[in-house]
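S.K.: Submitted below is the structure of interest, expressed as structure tokens.
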2 protein chains.
Amino acid sequence: MKNNIKVQRAIHDMTQADLAEKIGVSRQTINAMEKNKYVPSTVLSLKIAKLFKIPLEDIFFLEDED
Amino acid sequence: MKNNIKVQRAIHDMTQADLAEKIGVSRQTINAMEKNKYVPSTVLSLKIAKLFKIPLEDIFFLEDED
DNA sequence: TCTATATGTAAAGTTTGTTTTACTTTTGAT
DNA sequence: ATCAAAAGTAAAACAAACTTTACATATAGA
């Protein structure tokens, strides 16, 4: 799975720390997500989509190997 | 978080085992998800939304306590 | 009623997400 | 060139997802 969180942050002019605080996780969690170190929970991805006011599928994308 | 996987299964006339097999998890995982025993990963929820051909937010819902 | 299929549940174990702390590197502004 | 903020990274510890096995309950049809 891939994501474009970094782009969404740029659009909204937020740092990783900003986003982390808004959705209630650590900054490292945001960083690791952006670097595709792991797959976040559905609660987390729903919160991010809600914050950015766009469909979850516009931020997170399945890949062939998923 | 809540979900209406059971309803979607009914619409598509699928058993828990059917769904489990289609998205590549165990039947107990589907059962536990339906009974809100845990929060699935974003890959799993994306696969379910894709299978049912509806937006993820039409299946999984944030609650106030999330 | 008997049987097959679907669902619910539980415990143990493995894997993976997430936090915390802490340090390094990059970037941009002055 | 310097400084501060932002981003990258890493290890240890803990929490949660997910699997496997196994059994119990429900439901519907023959």
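Residue numbers start at 1 in each chain; chains themselves are named A, B, ... in the order of the structure tokens; ligands are numbered from 1 in the order shown.
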Please provide the set of residues having any atom within 10 Å of Asp18 in chain B, restricted to only C-alpha atoms (C1' of nucleotides), with same-chain residues fewer than 6 positions apart removed, written as a ChimeraX atom specification.

M.R.: /B:9,24,27,30

S.K.: I need the helix (DSSP H, G or I) residues of chain A per DSSP on the backbone, written as a PyMOL selection string.

M.R.: chain A and resi 5-11+16-23+27-34+42-52+56-58

S.K.: When all Cα positions are paired in order and chain B is fitted onto chain A, what RMSD is left, to one decimal?

M.R.: 0.0 Å

S.K.: Could you make a table, as CSV, of the residues of chain A that have an atom within 10 Å of an atom of chain C, each with its nearest atom pair and distance in Å to one decimal, counting only C-alpha atoms (C1' of nucleotides), in chain and number order?

M.R.:
```
residue,atom,partner,partner_atom,distance
A:Val25,CA,C:DT18,C1',8.0
A:Ser26,CA,C:DT19,C1',6.9
A:Arg27,CA,C:DT19,C1',9.8
A:Gln28,CA,C:DT19,C1',8.6
A:Thr29,CA,C:DT18,C1',6.7
A:Lys37,CA,C:DG17,C1',9.9
A:Tyr38,CA,C:DG17,C1',7.2
A:Val39,CA,C:DG17,C1',7.5
A:Pro40,CA,C:DG17,C1',6.9
A:Ser41,CA,C:DG17,C1',7.8
```

S.K.: Just the residues within 8 Å of Glu34 in chain A, please, counting only C-alpha atoms (C1' of nucleotides), with nothing from its chain fewer than 6 positions along; format it as a PyMOL selection string.

M.R.: chain A and resi 3-6

S.K.: Rank nothing, just name the residue among B:Asn36, B:Gln16, B:Thr42, B:Gln8 nearest to Phe60 in chain A, using only C-alpha atoms.

M.R.: B:Thr42

S.K.: So which residues of chain A fall under strand (DSSP E or B) by DSSP, listed as a list of chain:residue names?

M.R.: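 Answer for chain A, restricted to strand (DSSP E or B): A:Lys2, A:Asn3, A:Ser41, A:Phe60, A:Phe61.
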
S.K.: Quick one: write out the picked residues with N, CA and C atoms as a compact mmCIF listing (two decimals), in the first residue's frame?

M.R.:
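Below is the file that was written, out-v6.txt:
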```
# COMPACT_ATOMS: atom_id res chain seq x y z
N LYS A 2 0.42 2.23 -0.75
CA LYS A 2 1.12 3.51 -0.77
C LYS A 2 0.18 4.59 -0.24
N ASN A 3 0.75 5.80 -0.02
CA ASN A 3 -0.11 6.91 0.40
C ASN A 3 0.53 8.22 -0.02
N SER A 41 -3.59 1.46 10.98
CA SER A 41 -4.91 0.90 11.25
C SER A 41 -5.97 1.69 10.49
N PHE A 60 -4.87 6.69 0.37
CA PHE A 60 -4.25 5.36 0.51
C PHE A 60 -4.61 4.49 -0.68
N PHE A 61 -3.59 3.84 -1.26
CA PHE A 61 -3.78 3.07 -2.48
C PHE A 61 -3.26 1.65 -2.35
```
